[in-house]
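Trainee: Have a look at this one.
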Amino acid sequence: MEQNNKDLTFTLEQWEQKLEQKVLPRLPERKQEFLTHSGIPVKRVYTPLDTNDLNYVEDLGLPGEYPFTRAVQPTMYRGRLWTMRQYAGFGTAEETNKRFKYLLEQGQTGLSVAFDLPTQIGYDSDHSLSYGEVGKVGVAIDSLQDMETLFNGIPLDKVSTSMTINSPAAILLAMYIAVAEKQGVAPDKLSGTIQNDILKEYIARGTYIFPPDPSMRLVTDIFSYCSGNLPNWNSISISGYHIREAGATAVQEIAFTIANGIAYVEAAIKSGLKVDEFAPRLSFFFNAHLNFFEEIAKFRAARRIWAKIMKERFGAKDPKSQMLRFHTQTAGCTLTAQQPDTNIMRVAFQALSAVLGGTQSLHTNSRDEALALPSEDSVLIALRTQQVIAYETGVTDTVDPLGGSYFIETLTNQVEKAAMEYISKIESMGGAVRAIEEGFQQMEIQDSAYNYQMEIESGERVVIGVNKYQIEEKASLNLLKVDPVVEENQKNKLKVLKEQRNQSDVDRTLARLKNAAGGSDNLMPHILEAVRAYATLGEICDVLREVFGEYQQRAIF
Amino acid sequence: MSRPIRILIAKPGLDGHDRGAKVIAQAFRNAGMEVIYTGLRQTPEQIVQAAIQEDVDVIALSCLSGAHSYLFPKIMDLLRAEEIDDIMVLGGGVIPEDDIPFLKESGIVEVFGPGTPTKTMVDFIQKNVRH
């Protein structure tokens, strides 16, 4: 080994010298410095000298074993492919129900519900702030009735469903449980994920309702309820996706996400839960961006960091508590409105990085998403992209195929180190919640976003079709449009519901909820009662707003 | 030029995507303009009130939720109701080409789609602002 290293060091030096003297003067490299998206310098070549310090068993381990750097599962895609899960939802529950059935027929293996903004922010479709937004970025859900329509004819014991909902997560989860009851499916047969990640809403995504403290209580109430009643349900999806979309680098993405994860674990322990009771059901959600190898290194580094934190800091004993399982979506922010078909290639490379990084489920974006919600044709291409990777390329035949690459292992170490520096910094500020209140993560992300844009404008960062190889083009894609009549229909449905339901049940359950919100009971059972009585999402949120108050964002830039 | 151009960057509706709004806020400020940013979730009424109070020359609206066809014209109606015709209103976000003629008819001077360099917007404002 020693001798090998000496020989290699000598050979490498000679090689570098030759390059400097003979090759580079004649054939200079394209750039002075090559950097990853996070600004990590990329060397000309990597050799065993770069990975000499790596202790295989401690730092990498075997697939499915601590620290899970290589994979959370021993056989990975040789056993079962990732879940192909396209995020979908628009207009009414009827239309989205049709899109779900179409996707399932095309071979999709899980559902993922996109809700419209009024639903995400806890307003009914007839609220004045909902005007113009109903059914636009997702499906409009006002009451259990809409949820029944959304999953009509879809057996909830057979599909797994992911719901992108945060502030009102408890309400939508309660509705899902209630729909299952009506189908005769018991809660313990349900599998899926509720996003339930409020902290990244303050940092990046913007659909908060309540201030941090009561929001964290709602999060841990869900943890506790799920651990007792929904053993196959992921009680949170701690999300870096939106942090990245807002402009963060790969390092910032995993650092801020894991710091949020630490905050949730601490809150849950403080609320009286034991770590191994809830931690096995924590899941994550990351972005697959363009810098191919750094993305793969990022996924691997995230797994190692989380495993160490859960084991060493929180004393988690169950290996499932130490495993970072994640969903991935390709990077919406890298899609261009110019030459949109080019996006198909961007998505394919990003999806490949997620698979090489060991994702558990994947959404591939559609080519037209810089312009509108995706059309059915575009969604099909996106799904087919995953299927080509899964069935044709052979990348699924061995676990972590890039493990051991001098470059990938070095980059994994570097991403881990840089992320740990951020995590320590956030800890020193008092943790993720306090840092958010000071605007720390928000400012860091904003700086990265601004720099990224300036790099594009200076031409330093090439975006095909935007700052290089532009062409004159006319709009040719057939874009999806949400009919404005959706809003009227939704309001009418709501009106009829309010006339037909038993109002005294609604009043009674809402009064109980209010009472519980003022105390310290788990709110899930109370919300479930209100949902069963067909209290609307807006009514339930209004009760909670009254008790909890509302969060005011500091507009900093 | 008597004073720097004053510009209000506003996020109407419930949309939480503020990356673009914040990037252009910084770019406009670096170009010497005075920038006021409303933050998220502003009603058309709040935006018009802020524009009046801050005495701005330009309102730049950002919307990525698809609600632009309702929100942008509503803001133009409110400005007209206040008899304000010397504020240039611009739009940006995820806005399909087909919707642009309607927005312009409602009084939006220009719509800048995804991929527009900040410099294009800065130049446009400096050239066209009445001030």
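Identifiers in the structure tokens: chain A, B, ... in order shown; residue index from 1 per chain; ligand index from 1 in order shown.
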Skip Gln126 in chain B itself and residues of its chain fewer than 4 positions away, then list as a list in words all residues within 12 Å of it, counting only C-alpha atoms.
Mentor: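 Counting only the stated atoms, we get Met1, Pro4, Ile5, Arg6, Ile7, Phe28, Ala31, Gly32, Met33, Asp57, Val58, Met88, Lys119, Thr120, Met121, Val122, Arg130 and His131 of chain B.
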Trainee: Report as a Markdown table the residues of chain A within 8 Å of chain B, each with its shortest atom pair and distance in Å (one decimal), using only C-alpha atoms, ordered by chain and increasing residue number.
Mentor:
| residue | atom | partner | partner_atom | distance |
| --- | --- | --- | --- | --- |
| A:Leu117 | CA | B:Leu14 | CA | 6.2 |
| A:Pro118 | CA | B:Leu14 | CA | 7.3 |
| A:Ile121 | CA | B:Leu14 | CA | 7.9 |
| A:Leu129 | CA | B:Gly13 | CA | 7.0 |
| A:Ser130 | CA | B:Leu14 | CA | 7.8 |
| A:Tyr131 | CA | B:Tyr70 | CA | 7.6 |
| A:Gly132 | CA | B:Ala67 | CA | 4.9 |
| A:Glu133 | CA | B:Ala67 | CA | 5.3 |
| A:Lys136 | CA | B:Gly66 | CA | 5.9 |
| A:Val137 | CA | B:Ser65 | CA | 5.9 |
| A:Ala204 | CA | B:His17 | CA | 7.9 |
| A:Arg205 | CA | B:Gly16 | CA | 5.5 |
| A:Gly206 | CA | B:Gly16 | CA | 4.3 |
| A:Thr207 | CA | B:Gly16 | CA | 6.4 |
| A:Ala246 | CA | B:Arg19 | CA | 5.3 |
| A:Gly247 | CA | B:Arg19 | CA | 6.9 |
| A:Thr336 | CA | B:Gly115 | CA | 6.8 |
| A:Ala337 | CA | B:Pro114 | CA | 6.1 |
| A:Gln338 | CA | B:Gly115 | CA | 7.7 |
| A:Ala370 | CA | B:Val94 | CA | 6.3 |
| A:Leu371 | CA | B:Val94 | CA | 5.6 |
| A:Ala372 | CA | B:Val94 | CA | 6.6 |
| A:Gln446 | CA | B:Lys22 | CA | 7.2 |
| A:Ala449 | CA | B:Val23 | CA | 6.9 |
| A:Tyr450 | CA | B:Val23 | CA | 5.4 |
| A:Gln453 | CA | B:Val23 | CA | 7.7 |
| A:Glu457 | CA | B:Pro117 | CA | 6.2 |
| A:Val466 | CA | B:Gly115 | CA | 6.3 |
| A:Ala475 | CA | B:Glu97 | CA | 7.3 |
| A:Gln553 | CA | B:Gly39 | CA | 7.2 |
| A:Arg554 | CA | B:Gly39 | CA | 7.4 |
| A:Ala555 | CA | B:Gly39 | CA | 4.8 |
| A:Ile556 | CA | B:Gly39 | CA | 7.9 |
| A:Phe557 | CA | B:Lys22 | CA | 6.0 |
Trainee: For the residues in the current selection, export C-alpha atoms as a PDB file, in the first residue's frame.
Mentor:
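Saved to part.pdb:
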ATOM      1  CA  LEU A 117     -53.180  26.886  -3.316  1.00  0.00           C
ATOM      2  CA  PRO A 118     -56.411  27.640  -1.418  1.00  0.00           C
ATOM      3  CA  ILE A 121     -53.291  27.545   2.694  1.00  0.00           C
ATOM      4  CA  LEU A 129     -58.461  35.130  -1.312  1.00  0.00           C
ATOM      5  CA  SER A 130     -59.168  32.033  -3.402  1.00  0.00           C
ATOM      6  CA  TYR A 131     -60.406  33.985  -6.427  1.00  0.00           C
ATOM      7  CA  GLY A 132     -58.479  32.998  -9.515  1.00  0.00           C
ATOM      8  CA  GLU A 133     -56.538  30.251  -7.723  1.00  0.00           C
ATOM      9  CA  LYS A 136     -54.923  26.042 -10.757  1.00  0.00           C
ATOM     10  CA  VAL A 137     -51.790  24.391  -9.365  1.00  0.00           C
ATOM     11  CA  ALA A 204     -38.770  28.384   0.675  1.00  0.00           C
ATOM     12  CA  ARG A 205     -42.198  27.227  -0.380  1.00  0.00           C
ATOM     13  CA  GLY A 206     -44.532  29.727   1.219  1.00  0.00           C
ATOM     14  CA  THR A 207     -47.707  27.802   2.102  1.00  0.00           C
ATOM     15  CA  ALA A 246     -35.693  28.441  -4.497  1.00  0.00           C
ATOM     16  CA  GLY A 247     -32.033  28.605  -5.533  1.00  0.00           C
ATOM     17  CA  THR A 336     -36.704  26.231 -20.019  1.00  0.00           C
ATOM     18  CA  ALA A 337     -39.616  27.878 -21.768  1.00  0.00           C
ATOM     19  CA  GLN A 338     -37.307  28.108 -24.802  1.00  0.00           C
ATOM     20  CA  ALA A 370     -41.979  26.176 -17.571  1.00  0.00           C
ATOM     21  CA  LEU A 371     -45.089  27.175 -19.501  1.00  0.00           C
ATOM     22  CA  ALA A 372     -48.050  25.578 -17.753  1.00  0.00           C
ATOM     23  CA  GLN A 446     -31.302  34.038  -2.062  1.00  0.00           C
ATOM     24  CA  ALA A 449     -30.183  32.138  -6.554  1.00  0.00           C
ATOM     25  CA  TYR A 450     -28.876  35.566  -7.486  1.00  0.00           C
ATOM     26  CA  GLN A 453     -28.869  33.996 -12.435  1.00  0.00           C
ATOM     27  CA  GLU A 457     -26.474  36.257 -17.758  1.00  0.00           C
ATOM     28  CA  VAL A 466     -31.558  30.448 -23.306  1.00  0.00           C
ATOM     29  CA  ALA A 475     -45.302  28.321 -29.479  1.00  0.00           C
ATOM     30  CA  GLN A 553     -43.350  36.451   6.783  1.00  0.00           C
ATOM     31  CA  ARG A 554     -40.512  38.944   7.007  1.00  0.00           C
ATOM     32  CA  ALA A 555     -40.008  40.141   3.461  1.00  0.00           C
ATOM     33  CA  ILE A 556     -36.238  40.257   3.179  1.00  0.00           C
ATOM     34  CA  PHE A 557     -34.168  40.490   0.055  1.00  0.00           C
TER      35      PHE A 557
END
Trainee: Can you tell me, as a PyMOL selection string, which residues in range 441-535 of chain A count as helix (DSSP H, G or I) by DSSP?
Mentor: chain A and resi 441-458+485-500+503-518+524-532
Trainee: Name all residues at most 10 Å from Gln183 in chain A (count only C-alpha atoms; drop same-chain ones fewer than 5 positions away) and give them as a PyMOL selection string.
Mentor: chain A and resi 148+151-157+177-178
